[in-house]
Structures are given as C-alpha cells and as structure tokens.
Amino acid sequence: MSLTTRTSLATGARPTRSAAGPTAAVPPAAADYGKMPLDEVLTRLSVDPRRGLAADEARRRLLAYGPNALPEKRVSLWRKILGYFAGPMAYMIEAAAIVSALIGHWNDFAIIFALLLFNAGLEFWQDRKASNALAALKKGLAPEATVLRDGEWSARPAAELTPGDIVKIRLGVVVPADLRLVSGDYASIDQAALTGESLPVAKKVGDVAYSGSIVKQGEMIGVVTATGANTFFGRTASLVAGAGAASHAQKAMFEIGDFLIVVAVALAAVLVAVKVYRDLVVADDWSMADALSILQFVLVLMVASIPVAMPAVFSVTMALGALALSKEKAIVSKLSAIEEMAGVDILCSDKTGTLTKNQLTLSEPILFESKDAQDCILAAALASKLEDRDAIDTACIDALKDKDALRAYSMTKFIPFDPVAKRTQATVTDAQGKSIIVSKGAPQAIVDLVHADADIAQRVKRIVDELAEKGSRALAVARSEDDGATFRLLGILPMFDPPRADSKATIAAARAKGVAVKMVTGDDTAIAIETARQLGLGDHIVAAADIFPKDLDPNHLSADVVDAIERADGFARVFPEHKYAIVKALQQRGHLVAMTGDGVNDAPALKQADCGVAVSGATDAARGAAALILTAPGLSVISSAIDEARRIFGRIESYTTYRVALTIDIMFVVVLSSVLLGFTPLTAAMIVVMSLLDDAPIMTIAYDNTPVEPRPIRWRMPRLLAIATVLGLVCVVESFGLLLIGVRALAREPLGEAMQLFSPQQLQTMMFLQLVVGGHLLLLVARTQRWFFLPPFPAWKLLFAIIATQLLAAAMCYFGWLVPPISLRLIGIVWAYCIGFMFILGLARKIVARVVDHRMRRQEKSVATVERPLSGGLALARQAASSRG
C-alpha cells in the first residue's frame with residue numbers, strides 16, 4: 001500500500017462537545033491534515049513545533065475537542081438486567097410463569113422461572129463477550145505520551161493530548177494520537193494491526209503516524225492532528241461499537257412463537273365461545289365457578305402452547321456443540337454463531353497470517369556479479385541485525401543454509417534502514433582481518449550505489465516489475481571490498497509471504513461445502529493476485545480504492561458498489577471500514593458471512609459478520625470481537641466447524657419441527673373434543689405433566705446422530721412450518737381417531753371390555769398416554785429426512801431418555817400416579833396404535849417435504865436464470881443463499 005493512500009485517511013480533527021465546556025471553532029471540513037503541506041498543517045493548528053502549545057491553550061482545546069480517549073456509552077445495570085427479560089420469547093415465557101402462578105401451579109412456576117433466568121444469564125454472558133471487543137481496543141492505546149508544552153518536554157497522560165500538541169515517539173512506544181511527523185531522521189512503525197500490511201512502514205518527515213501503532217525503530221517528533229474518536233484507531237473502534245448482526249436463531253424463535261401464539265389464541269377463542277354458549281345460552285346455567293373453570297383451562301392450554309423449553313434446548317444444543325469444537329482447538333465465545341456457521345455461504349478471509357504464514361521467505365536469488373546464490377544471501381545476512389527483529393533481516397538470515405558462516409565475520413559498523421537512503425549498510429571484518437562493506441535495500445537505491453550502467457539498470461527494473469506481477473518484493477544486494485570506493489551488484493533476492501500449507505486444501509473443502517471464499521487484505525494488489533493464484537482462488541482481485549468512494553459511509557453503499565463487492569474474488573489495499581463495508585454489503589444481499597482475521601483492523605468486520613473467526617495469534621481486539629477463536633494456526637478447523645454447525649442446526653431444526661407439530665396436536669385435540677364431543681380429553685394437571693414429560697428428555701437431542709448437509713443450511717421457515725403443520729394435523733387425526741374409538745368403547749360394552757376401558761376418567765388417562773407416547777414417536781419421525789427406521793439411528797442418550805420417559809408415563813398410568821389408573825392391555829393398545837401411525841406420519845413427512853422442495857427448486861432455477869452472468873463462486877453462494885433462505 002502506498003504512503004499516499006494510507007495518509008489520505010488521516011482527516012482533520014473534528015471537535016466534539018464536552019460536558020466541561022463549549023464547542024471550539026471547527027476546522028474547515030475540507031481540511032485533510034494527511035495531504036496538505038506540513039507548513040500549512042502547523043499554521044492551521046497554530047503551533048510552533050519548537051515550543052509546543054501553551055498550557056492554557058492546551059486546556060482550552062482539551063475542553064473543546066474532548067479527551068484523547070475512546071468514547072464509552074454507559075448503560076445502568078438495572079436497564080441492562082431488564083433488557084434481558086424483554087422480547088417476544090421472553091414475554092411468552094413470562095406469561096407462562098404468571099399463568100402458572102395465577103392457577104396455583106407453583107412447581108410449574110418454579111420450572112418456567114428457572115428457564116427464564118437461564119436464558120437471561122446466557123444473554124448476559126454473551127453481552128460481556130461483546131463488550132470485551134471495545135475493552136481490548138482500549139488496551140491498545142498509549143497510556144502516556146512525551147509532550148512539548150511551553151518549550152519543555154514532559155510525560156503526560158495520553159488522554160490529555162489535543163490537536164496541535166507536539167509529541168515525541170521512539171523505539172517501543174505506542175503512537176498516542178494521529179500525527180504528522182515534523183522532524184527526526186526516520187522511524188519504522190508497525191501498523192499491521194491497523195492496516196493489514198505485513199511489514200513495518202518506514203516513516204520520514206511529513207508522513208502520517210497512526211494512533212495505536214508501535215514504533216519499531218528510530219525516533220521522531222510529530223504534531224497531533226486528530227485525537228480520540230477522530231483518529232484512524234477511533235474510527236475503527238466506532239465501527240466495532242456499531243457492528244453486530246442479529247441472531248437468526250432468535251428471529252426463528254420469535255417467528256415460531258408468534259405462529260404458535262396466533263394458533264393458540266384462535267383456538268382458545270373458539271373454545272371459550274363454545275363453552276360460554278353451552279353454559280349460558282343452551283343450559284342457562286352460569287356461575288362464577290364456571291367462568292373460573294373455563295379461564296383456568298384456557299390459561300393452562302396457553303401454557304402448553306408456549307415452547308418454554310425452546311431457548312434452553314437451543315442453548316444446550318449449541319453449548320454441547322461448542323464443547324465439541326473446543327476439542328478441535330476452536331473456542332466459541334458466542335453460542336449463536338454456531339447456528340449461523342451452518343448457513344454461511346461466503347467466507348471472507350484476511351490474508352496475512354491467516355492464509356499466509358506472515359513470515360517473509362526468500363526464493364532463489366537472481367544473480368548478477370555473484371557466482372553463488374548462498375554468497376549473495378550471506379552478503380544480505382551480513383547487512384542485517386537479528387536482534388532488531390526486522391522481518392527482512394530475519395528472512396535473509398533464515399535463508400542461509402550454513403548460519404555458522406556468519407561467525408567468521410565481526411561487525412564494526414551498522415547503518416540501519418532509513419526511508420531516504422532506502423538501504424541498510426554494514427562494515428564487517430572477515431577471519432583474515434579484511435574489511436568488507438555490504439549493503440541491501442531497494443533495487444533502485446542499490447543501482448545508484450553501484451553506479452550501474454543503463455543496461456544493468458534496465459534489467460533490474462524489468463526483474464523488479466516481473467516479481468511485482470507475481471506478488472513478490474525485490475531486495476538488491478551489493479558488496480564493496482575497497483572501503484566503499486566501488487560496489488558490485490551481487491544479485492536480487494525475491495521475497496514473498498508464502499501461503500500456509502493447509503490453506504489451499506481448506507479453501508477447496510469450503511467450496512465443496514457450498515461456501516465461496518473471498519480474500520481481504522491490506523497488502524498490494526499484485527501480492528493479493530499472486531496469493532490468490534497459488535491458493536486456487538478466483539483472479540478477480542480489486543483494490544478497495546477502485547470500488548469504494550472517498551467519502552465512504554460503510555452503512556449506506558450504492559447498488560453499484562454492492563454489485564462490485566459480490567463479483568469480486570478478493571480485495572486489496574483495504575482499511576477497517578472497507579472490511580466492515582464488504583461484510584455488511586454481502587449481508588444486505590442475503591448472504592450469511594463468516595469473516596476471519598487477527599488484527600485491530602479486522603475487529604469491526606469480525607463483529608459485524610454472522611460468524612467472526614479470530615485466528616491463532618490474533619490481537620485482543622480481534623479475539624474480543626470474534627464469535628469463534630482458533631487456538632491452532634491456519635484455517636483447517638473451519639471445515640470441521642462448518643460440519644459441526646450443520647449437525648447442530650439439524651438437531652435444532654428437528655426439535656423445532658417436533659415441538660410445533662406436537663403443540664398443534666395438543667391444542668386441536670382439546671378444542672375439537674370440547675367443541676364436537678362436549679368432552680374434555682385432558683385435565684389441566686394432565687396438560688402440565690404431559691408438557692414436562694414431552695420436553696424434559698428432549699434436551700438429549702443435543703447428542704443425536706445427525707447427517708451433515710452438503711450445502712449451507714439456514715432457517716427455511718415456510719418449509720419448516722409447512723412440514724410441522726402437516727405432521728401436527730396428521731397427529732390430530734391420530735389422537736382424535738383414538739379418542740373416537742374410546743368414546744365408542746364407552747358406549748358399547750363389548751368393545752369396552754376388549755379394551756378394558758370403562759370410564760371417562762380412564763379415557764382421559766388413555767389420551768394422556770397417547771399424547772406422551774405419540775409425541776416422542778413423532779420426534780423419531782421429525783429428526784430425519786429419511787424413513788425413521790433407516791440410519792442415522794437416534795443417539796443412545798436420546799433413545800435412553802425417551803424409553804425412560806415412556807416407562808415413567810406407563811407406570812403413572814398403571815399405578816395411578818397423578819392420573820386415574822388403566823390396565824396393561826389398554827397401555828399396550830395405545831402403544832401399538834401409536835407405532836402403527838408412525839408409518840403414516842413418515843409418509844406424510846416425505847410427501848410434504850418433496851412438494852415444498854420441488855417449489856423451492858423452481859424458485860432457485862428462476863433466480864439462477866436471472867443471475868447467470870455472475871461468477872462461479874458468487875453464483876454458488878447466491879444459489880445457496882436463495883435455496884436455504
């Protein structure tokens with residue numbers, strides 16, 4: 001990335017209103033302190049770089065511009081706590097708890113209230129994780145700075161800096177604010193965490209230094225041009241604060257809850273209307289006791305319709321998935337991200353340190369006057385200092401086959417790299433006492449040093465251009481054996497950041513799962529293109545400046561920009577706001593996006609993504625913003641995470657289908673029986689006990705054996721509700737059919753004798769048992785796309801929980817615990833009846849799934865026809881998004 005590109009983002013400081021004082025005069029909006037001449041910067045900021053600001057003036061500006069710190073919005077603890085109990089699903093659970101208290105079912109109240117606290121606790125934990133991103137960002141800011149005030153240098157808290165302050169930066173210091181460097185020889189500053197560049201950047205007078213970057217070499221003096229939220233670092237933090245996509249799992253729970261509540265309210269209204277009509281109009285016998293009885297039963301029916309265990313089942317299932325991923329060296333910090341990962345159809349990956357090793361490597365030297373490649377590399381290594389931990393110096397030394405060769409030389413003088421000379425130089429003495437001068441640096445600087453003729457200079461330029469096209473940097477090496485009177489050009493060393501060994505396979509595996517991969521890097525376009533070629537990514541790599549406007553608002557992008565983002569296979573020269581905008585634009589087009597990264601510059605995009613992944617060695621800011629943190633190098637665990645996420649999603653979808661169908665069954669049977677037969681098939685106590693027996697063992701669905709979907713899968717609510725509704729209606733036929741048989745058995749003694757059914761109370765127990773048995777057999781049908789008797793078979797924990805529950809229900813019915821007792825024969829008849837209906841349920845599921853899927857495929861074909869010009873990877877992602885949406 002060129003220096004001019006970087007400095008173009010260093011905008012002028014904009015004062016903010018402070019509680020301590022009025023707003024200061026605002027500098028011209030067009031002021032760009034990163035571009036304008038240095039003299040003009042100092043004039044506009046009204047500061048003498050030899051004396052700094054006066055103390056009074058600094059205090060006045062501090063009041064006007066505000067402290068040099070990241071702003072923090074504080075929310076009271078009580079407001080936070082109340083927020084955890086708000087929302088459609090929370091209101092439904094609270095309604096269930098209130099109803100349980102009103103009718104005096106305190107055991108139910110305790111269970112439901114415990115579920116409410118459990119779900120609120122999970123939200124609180126996840127909110128703490130989200131706030132960690134900003135806390136980690138603040139750790140990256142300098143605690144204090146060396147400031148020139150009234151002509152004297154002193155150490156002051158960095159928060160007291162204000163535009164116009166003169167500060168000193170040196171080796172090991174964190175740059176305390178955005179600066180324009182006004183004096184000093186040079187400084188090498190590591191801003192990789194901010195801009196994504198893989199090497200420290202050499203700075204000279206007039207250049208920009210960003211707040212939060214780290215000085216690796218040199219010492220310079222700069223003038224503060226922006227502080228707090230107006231710095232490059234501050235804008236990144238504000239993106240993090242505003243980033244975040246809503247959980248699709250919560251949206252799904254709200255939709256399912258709304259659907260069930262609408263059905264329950266409609267049926268309850270019918271039930272109340274019929275009972276009131278019969279008691280008040282037909283029987284002309286109405287009392288307050290009748291009204292309370294109707295109200296109690298309706299309220300209990302409403303409790304049964306509310307899926308109070310749904311958030312808990314979701315959370316437990318994802319928590320167990322998080323445990324499984326931890327064994328794969330991936331730590332989950334946001335549970336909902338597991339469910340999101342199942343539907344991810346685009347993976348945006350940082351390059352440096354994620355797809356590549358973030359470790360410069362030398363390839364075979366291109367020799368000029370040197371006769372041996374290792375001789376050329378040795379000269380470059382001698383012109384290096386390992387203790388400086390410079391990436392280029394380290395690469396040269398590591399490339400030596402025989403590092404012991406360095407011991408034959410002793411260094412007498414070393415001139416470090418500076419952005420003017422653009423080379424390092426060392427004077428060394430060999431074992432015979434001969435003095436040698438070696439130099440390495442930018443090819444043009446070395447060409448000038450050796451006074452190369454035009455042909456050599458042209459050849460060097462051609463080689464440099466060819467290497468740049470392949471994404472490699474070029475380093476020239478020269479040696480002098482006559483005390484610097486003449487230098488010889490030994491050769492050119494190509495340098496590149498090689499891809500990780502597992503990156504290409506990981507990308508191929510992701511594509512095989514229907515996930516398109518886009519590379520996002522702060523490095524130069526040529527480097528990005530070559531890396532993409534080596535990894536098998538597409539070749540349509542675009543520079544951020546070519547598609548994003550200068551006045552970028554990442555939250556409001558034009559359709560043309562979003563189209564360009566969708567078409568691209570990767571992006572180069574990106575800044576934090578670009579990464580954030582890329583993720584958000586893809587989300588606006590219906591994609592579920594995973595983002596990987598390791599730096600502060602990745603934090604906004606990591607938090608905005610549906611699943612942000614911080615790779616091994618990531619900064620605290622990146623880890624705090626991410627939902628998934630990898631503890632092993634590389635991205636290979638991503639493939640395992642996708643598989644595990646799709647298994648987890650399958651389990652949640654199975655439970656949801658089962659719970660909606662069962663709720664429809666219970667509500668319709670109770671209402672139809674009351675309306676058509678004038679018979680109440682279940683008591684209020686039976687409904688509550690049945691809900692507990694149906695839901696309690698379902699937690700073990702988190703362990704179920706679930707196949708991995710080959711394509712991204714997300715909430716397909718019309719499909720899910722269609723299948724669940726059809727299964728529920730078939731269950732209504734099943735339950736109501738058995739009820740009609742029971743009613744006839746009570747009317748006909750031979751049939752009653754055969755079934756051993758003799759009273760309406762026993763008929764209620766029979767219906768109670770049928771709904772408990774049929775509910776769990778329904779789960780065995782809902783959990784698989786295939787016939788229930790084919791693999792994958794239920795996990796032993798799920799099967800054990802179901803069997804144990806059924807044995808308990810049978811014992812309750814036989815011994816008369818909480819329900820009137822019935823015979824073993826009648827229990828056996830109920831079981832045989834329910835098992836027989838499993839085949840009808842399985843057939844109904846396959847038919848409705850085939851019809852719905854056929855309609856969805858027709859929609860996919862129409863979408864594919866419209867989007868045929870799109871690139872292969874994008875078309876694949878769009879198809880996945882439309883088919884699973």
# chains A, B, ... in the order shown; residues from 1 in each chain; ligands from 1
>>> residues_around(residues="A:Ala324", least_positions_apart="5", cutoff="12 Å", atoms="only C-alpha atoms", output="JSON, numbers by chain")
{"A": [317, 318, 319, 329, 330, 331, 332, 338, 637, 640, 641, 643, 644, 645, 647, 648, 702, 703]}
>>> residues_around(residues="A:Leu720", least_positions_apart="2", cutoff="12 Å", atoms="only C-alpha atoms", output="ChimeraX atom specification")
/A:252,255-256,259,650,652-661,714-718,722-728,782,845,848-849,852-853,884-885
